[in-house]
file input06.txt (compact mmCIF, N, CA and C atoms)
# COMPACT_ATOMS: atom_id res chain seq x y z
N GLY U 11 -14.67 8.52 5.43
CA GLY U 11 -13.91 7.31 5.35
C GLY U 11 -14.73 6.13 5.81
N HIS U 12 -14.35 4.97 5.39
CA HIS U 12 -15.08 3.76 5.74
C HIS U 12 -14.45 3.01 6.89
N HIS U 13 -13.32 3.46 7.39
CA HIS U 13 -12.64 2.77 8.48
C HIS U 13 -13.15 3.28 9.82
N ARG U 14 -13.10 2.43 10.82
CA ARG U 14 -13.56 2.80 12.15
C ARG U 14 -12.42 2.89 13.16
N THR U 15 -11.19 2.75 12.68
CA THR U 15 -10.03 2.79 13.56
C THR U 15 -8.91 3.60 12.90
N LEU U 16 -7.87 3.86 13.66
CA LEU U 16 -6.69 4.54 13.12
C LEU U 16 -5.48 3.61 13.21
N HIS U 17 -5.66 2.34 12.87
CA HIS U 17 -4.54 1.41 12.84
C HIS U 17 -3.55 1.82 11.76
N GLN U 18 -2.30 1.43 11.92
CA GLN U 18 -1.26 1.77 10.96
C GLN U 18 -1.63 1.35 9.54
N GLU U 19 -2.33 0.24 9.40
CA GLU U 19 -2.73 -0.23 8.07
C GLU U 19 -3.69 0.73 7.39
N VAL U 20 -4.37 1.56 8.17
CA VAL U 20 -5.33 2.52 7.62
C VAL U 20 -4.66 3.85 7.31
N ILE U 21 -3.78 4.31 8.19
CA ILE U 21 -3.20 5.64 8.01
C ILE U 21 -1.82 5.62 7.37
N GLY U 22 -1.14 4.48 7.36
CA GLY U 22 0.19 4.38 6.77
C GLY U 22 0.11 4.06 5.29
N VAL U 23 -0.21 5.05 4.48
CA VAL U 23 -0.43 4.84 3.05
C VAL U 23 0.74 5.46 2.28
N PRO U 24 1.30 4.74 1.31
CA PRO U 24 2.41 5.30 0.52
C PRO U 24 1.97 6.50 -0.31
N CYS U 25 2.88 7.40 -0.48
CA CYS U 25 2.64 8.56 -1.35
C CYS U 25 3.76 8.58 -2.39
N MET U 26 3.38 8.65 -3.65
CA MET U 26 4.37 8.66 -4.73
C MET U 26 4.25 9.96 -5.51
N VAL U 27 5.39 10.57 -5.79
CA VAL U 27 5.42 11.81 -6.56
C VAL U 27 6.36 11.60 -7.74
N HIS U 28 5.88 11.89 -8.93
CA HIS U 28 6.71 11.80 -10.13
C HIS U 28 6.78 13.18 -10.76
N VAL U 29 8.00 13.66 -10.96
CA VAL U 29 8.20 14.94 -11.61
C VAL U 29 8.91 14.67 -12.93
N PRO U 30 8.24 14.90 -14.05
CA PRO U 30 8.85 14.61 -15.35
C PRO U 30 10.20 15.30 -15.51
N GLY U 31 11.20 14.54 -15.92
CA GLY U 31 12.52 15.09 -16.16
C GLY U 31 13.39 15.25 -14.93
N VAL U 32 12.89 14.87 -13.76
CA VAL U 32 13.66 15.03 -12.52
C VAL U 32 13.85 13.67 -11.88
N LYS U 33 15.11 13.32 -11.64
CA LYS U 33 15.41 12.08 -10.94
C LYS U 33 15.76 12.45 -9.50
N PRO U 34 14.97 11.98 -8.54
CA PRO U 34 15.25 12.36 -7.15
C PRO U 34 16.56 11.77 -6.65
N ALA U 35 17.29 12.56 -5.87
CA ALA U 35 18.53 12.08 -5.26
C ALA U 35 18.22 11.03 -4.20
N THR U 36 17.08 11.16 -3.55
CA THR U 36 16.62 10.20 -2.55
C THR U 36 15.33 9.58 -3.07
N PRO U 37 15.41 8.41 -3.74
CA PRO U 37 14.22 7.86 -4.38
C PRO U 37 13.13 7.40 -3.42
N VAL U 38 13.52 7.01 -2.20
CA VAL U 38 12.53 6.57 -1.21
C VAL U 38 12.72 7.39 0.05
N LEU U 39 11.68 8.07 0.45
CA LEU U 39 11.70 8.88 1.66
C LEU U 39 11.07 8.06 2.77
N ARG U 40 11.81 7.76 3.79
CA ARG U 40 11.34 6.87 4.86
C ARG U 40 10.67 7.60 6.02
N SER U 41 10.73 8.91 6.06
CA SER U 41 10.14 9.64 7.19
C SER U 41 8.62 9.71 7.05
N GLU U 42 7.96 9.94 8.17
CA GLU U 42 6.51 10.10 8.18
C GLU U 42 6.15 11.39 7.45
N THR U 43 5.11 11.33 6.65
CA THR U 43 4.62 12.51 5.95
C THR U 43 3.11 12.60 6.14
N SER U 44 2.54 13.70 5.71
CA SER U 44 1.11 13.90 5.84
C SER U 44 0.60 14.60 4.60
N VAL U 45 -0.69 14.53 4.39
CA VAL U 45 -1.27 15.18 3.22
C VAL U 45 -1.03 16.70 3.26
N ILE U 46 -0.86 17.28 4.45
CA ILE U 46 -0.61 18.73 4.52
C ILE U 46 0.76 19.09 3.96
N ASP U 47 1.64 18.09 3.79
CA ASP U 47 2.96 18.34 3.20
C ASP U 47 2.90 18.48 1.68
N MET U 48 1.80 18.11 1.07
CA MET U 48 1.71 18.11 -0.39
C MET U 48 1.74 19.52 -0.98
N ALA U 49 1.01 20.46 -0.41
CA ALA U 49 0.97 21.82 -0.99
C ALA U 49 2.36 22.46 -1.02
N PRO U 50 3.08 22.53 0.11
CA PRO U 50 4.40 23.15 0.04
C PRO U 50 5.38 22.37 -0.83
N THR U 51 5.25 21.05 -0.88
CA THR U 51 6.14 20.23 -1.70
C THR U 51 5.89 20.47 -3.18
N LEU U 52 4.63 20.39 -3.60
CA LEU U 52 4.31 20.54 -5.02
C LEU U 52 4.57 21.96 -5.53
N THR U 53 4.27 22.97 -4.71
CA THR U 53 4.55 24.33 -5.16
C THR U 53 6.05 24.56 -5.31
N SER U 54 6.83 23.99 -4.41
CA SER U 54 8.28 24.12 -4.52
C SER U 54 8.81 23.41 -5.76
N LEU U 55 8.26 22.23 -6.06
CA LEU U 55 8.72 21.48 -7.23
C LEU U 55 8.43 22.19 -8.54
N VAL U 56 7.37 22.99 -8.58
CA VAL U 56 7.06 23.72 -9.81
C VAL U 56 7.63 25.15 -9.78
N GLY U 57 8.33 25.49 -8.69
CA GLY U 57 9.04 26.76 -8.64
C GLY U 57 8.23 27.97 -8.23
N ILE U 58 7.15 27.77 -7.49
CA ILE U 58 6.39 28.91 -6.98
C ILE U 58 6.31 28.83 -5.47
N PRO U 59 6.23 29.97 -4.79
CA PRO U 59 6.15 29.93 -3.34
C PRO U 59 4.78 29.43 -2.88
N ALA U 60 4.77 28.73 -1.77
CA ALA U 60 3.50 28.29 -1.18
C ALA U 60 2.74 29.52 -0.68
N PRO U 61 1.43 29.52 -0.81
CA PRO U 61 0.65 30.65 -0.30
C PRO U 61 0.85 30.82 1.20
N GLY U 62 0.71 32.04 1.68
CA GLY U 62 0.86 32.33 3.10
C GLY U 62 -0.13 31.52 3.92
N GLY U 63 0.31 31.06 5.07
CA GLY U 63 -0.56 30.31 5.97
C GLY U 63 -0.66 28.82 5.67
N VAL U 64 0.00 28.36 4.61
CA VAL U 64 -0.04 26.93 4.28
C VAL U 64 0.82 26.17 5.27
N GLU U 65 0.24 25.14 5.86
CA GLU U 65 0.98 24.32 6.81
C GLU U 65 1.68 23.19 6.06
N GLY U 66 2.53 22.48 6.77
CA GLY U 66 3.21 21.33 6.19
C GLY U 66 4.65 21.62 5.84
N ARG U 67 5.36 20.54 5.51
CA ARG U 67 6.78 20.63 5.21
C ARG U 67 7.01 20.52 3.71
N ASP U 68 8.04 21.18 3.24
CA ASP U 68 8.45 21.06 1.85
C ASP U 68 9.35 19.83 1.74
N LEU U 69 8.80 18.76 1.19
CA LEU U 69 9.55 17.51 1.06
C LEU U 69 10.39 17.45 -0.21
N SER U 70 10.33 18.50 -1.02
CA SER U 70 11.08 18.50 -2.27
C SER U 70 12.59 18.49 -2.04
N VAL U 71 13.02 18.79 -0.82
CA VAL U 71 14.46 18.75 -0.52
C VAL U 71 15.01 17.34 -0.72
N ALA U 72 14.14 16.32 -0.65
CA ALA U 72 14.59 14.95 -0.88
C ALA U 72 15.08 14.77 -2.32
N PHE U 73 14.56 15.59 -3.24
CA PHE U 73 15.01 15.53 -4.63
C PHE U 73 16.45 16.02 -4.76
N ARG U 74 16.92 16.77 -3.77
CA ARG U 74 18.29 17.26 -3.76
C ARG U 74 19.18 16.44 -2.83
N GLY U 75 18.63 15.37 -2.25
CA GLY U 75 19.40 14.50 -1.37
C GLY U 75 19.42 14.93 0.08
N GLU U 76 18.64 15.94 0.44
CA GLU U 76 18.58 16.39 1.82
C GLU U 76 17.48 15.65 2.57
N ASP U 77 17.58 15.61 3.89
CA ASP U 77 16.60 14.92 4.72
C ASP U 77 15.57 15.93 5.24
N PRO U 78 14.29 15.78 4.90
CA PRO U 78 13.28 16.75 5.32
C PRO U 78 12.74 16.49 6.73
N GLN U 79 13.49 16.85 7.74
CA GLN U 79 13.05 16.75 9.13
C GLN U 79 12.43 15.38 9.44
N PRO U 80 13.23 14.35 9.57
CA PRO U 80 12.69 13.00 9.72
C PRO U 80 11.87 12.78 10.99
N ASP U 81 12.05 13.61 12.00
CA ASP U 81 11.34 13.39 13.25
C ASP U 81 10.10 14.26 13.41
N ALA U 82 9.61 14.84 12.34
CA ALA U 82 8.42 15.69 12.43
C ALA U 82 7.21 14.84 12.80
N ALA U 83 6.37 15.38 13.65
CA ALA U 83 5.17 14.66 14.10
C ALA U 83 4.10 14.68 13.01
N VAL U 84 3.36 13.60 12.91
CA VAL U 84 2.23 13.51 11.99
C VAL U 84 0.99 13.23 12.83
N ARG U 85 -0.06 13.99 12.59
CA ARG U 85 -1.28 13.89 13.39
C ARG U 85 -2.37 13.19 12.59
N ALA U 86 -3.14 12.35 13.25
CA ALA U 86 -4.28 11.70 12.62
C ALA U 86 -5.47 11.75 13.57
N GLU U 87 -6.65 11.96 13.03
CA GLU U 87 -7.88 12.02 13.83
C GLU U 87 -8.96 11.17 13.20
N LEU U 88 -9.86 10.68 14.02
CA LEU U 88 -11.03 9.96 13.55
C LEU U 88 -12.22 10.50 14.33
N TYR U 89 -13.21 10.98 13.64
CA TYR U 89 -14.41 11.49 14.31
C TYR U 89 -15.63 11.19 13.47
N ARG U 90 -16.79 11.34 14.06
CA ARG U 90 -18.04 11.05 13.36
C ARG U 90 -18.74 12.34 12.95
N VAL U 91 -19.32 12.31 11.75
CA VAL U 91 -20.17 13.37 11.24
C VAL U 91 -21.47 12.68 10.84
N GLY U 92 -22.49 12.85 11.64
CA GLY U 92 -23.73 12.13 11.38
C GLY U 92 -23.51 10.64 11.53
N THR U 93 -23.69 9.90 10.47
CA THR U 93 -23.50 8.45 10.50
C THR U 93 -22.19 8.03 9.86
N ARG U 94 -21.34 9.00 9.49
CA ARG U 94 -20.08 8.68 8.80
C ARG U 94 -18.88 8.91 9.69
N ASN U 95 -17.87 8.04 9.56
CA ASN U 95 -16.57 8.25 10.19
C ASN U 95 -15.73 9.09 9.24
N VAL U 96 -15.02 10.07 9.78
CA VAL U 96 -14.16 10.94 8.96
C VAL U 96 -12.75 10.82 9.50
N GLN U 97 -11.80 10.53 8.61
CA GLN U 97 -10.38 10.44 8.97
C GLN U 97 -9.68 11.70 8.50
N VAL U 98 -8.80 12.20 9.35
CA VAL U 98 -7.94 13.31 8.98
C VAL U 98 -6.54 12.89 9.38
N ALA U 99 -5.63 12.86 8.42
CA ALA U 99 -4.27 12.45 8.75
C ALA U 99 -3.30 13.50 8.26

call {"tool": "encode", "arguments": {"input": "input06.txt", "output": "structure tokens"}}
result
Amino acid sequence: GHHRTLHQEVIGVPCMVHVPGVKPATPVLRSETSVIDMAPTLTSLVGIPAPGGVEGRDLSVAFRGEDPQPDAAVRAELYRVGTRNVQVA
């Protein structure tokens, strides 16, 4: 990453998911999410189980109008590898 900080402007990035033919019951999800939520969410949306050991939350419940654990913690890290800053959120 090119950022040197973990300010909200750097880590608070919108995520949009479009599933053809599916209109979500909750069009905007306001809870904090993380990239680790993508695998369980996308596998659920296509109807296959997430592989064992996959971390993250299945956010596809928002398509059914349910709230996917709004108070779940989201972790972000910034560290250096050689001369590069690496962000993990």

call {"tool": "atom_distance", "arguments": {"input": "input06.txt", "atom1": "CA of Leu69 in chain U", "atom2": "CA of Leu88 in chain U"}}
result
25.2 Å

call {"tool": "residues_around", "arguments": {"input": "input06.txt", "residues": "Val56 in chain U", "least_positions_apart": "2", "cutoff": "12 Å", "atoms": "only C-alpha atoms", "output": "VMD selection string"}}
result
chain U and resid 28 to 30 32 49 to 54 58 to 60 70

call {"tool": "atom_distance", "arguments": {"input": "input06.txt", "atom1": "CA of Met48 in chain U", "atom2": "atom C of Arg67 in chain U"}}
result
7.1 Å

call {"tool": "atom_distance", "arguments": {"input": "input06.txt", "atom1": "atom C of Gly22 in chain U", "atom2": "atom N of Phe73 in chain U"}}
result
20.4 Å

call {"tool": "axis_aligned_box", "arguments": {"input": "input06.txt", "around": "range 58-65 of chain U", "padding_each_side": "5 Å", "output": "lines of an AutoDock Vina configuration file"}}
result
center_x = 3.2
center_y = 27.8
center_z = -0.3
size_x = 17.8
size_y = 19.1
size_z = 24.3

call {"tool": "residues_around", "arguments": {"input": "input06.txt", "residues": "Ser44 in chain U", "least_positions_apart": "5", "cutoff": "8 Å", "atoms": "all atoms listed in the file", "output": "ChimeraX atom specification"}}
result
/U:49,66-67,83-85,99

call {"tool": "closest_residue", "arguments": {"input": "input06.txt", "among": "U:Gln79, U:Ala72, U:Val91, U:Gly57", "to": "Lys33 in chain U", "atoms": "only N, CA and C atoms"}}
result
U:Ala72

call {"tool": "select_by_dssp", "arguments": {"input": "input06.txt", "residues": "range 22-98 of chain U", "states": "alpha helix (DSSP H)", "output": "ChimeraX atom specification"}}
result
/U:48-55

call {"tool": "closest_residue", "arguments": {"input": "input06.txt", "among": "U:Leu55, U:Val45, U:Val27, U:Ala35", "to": "Gly75 in chain U", "atoms": "only C-alpha atoms"}}
result
U:Ala35

call {"tool": "closest_residue", "arguments": {"input": "input06.txt", "among": "U:Ile46, U:Val38, U:Ala86, U:Val23", "to": "Val64 in chain U", "atoms": "all atoms listed in the file"}}
result
U:Ile46
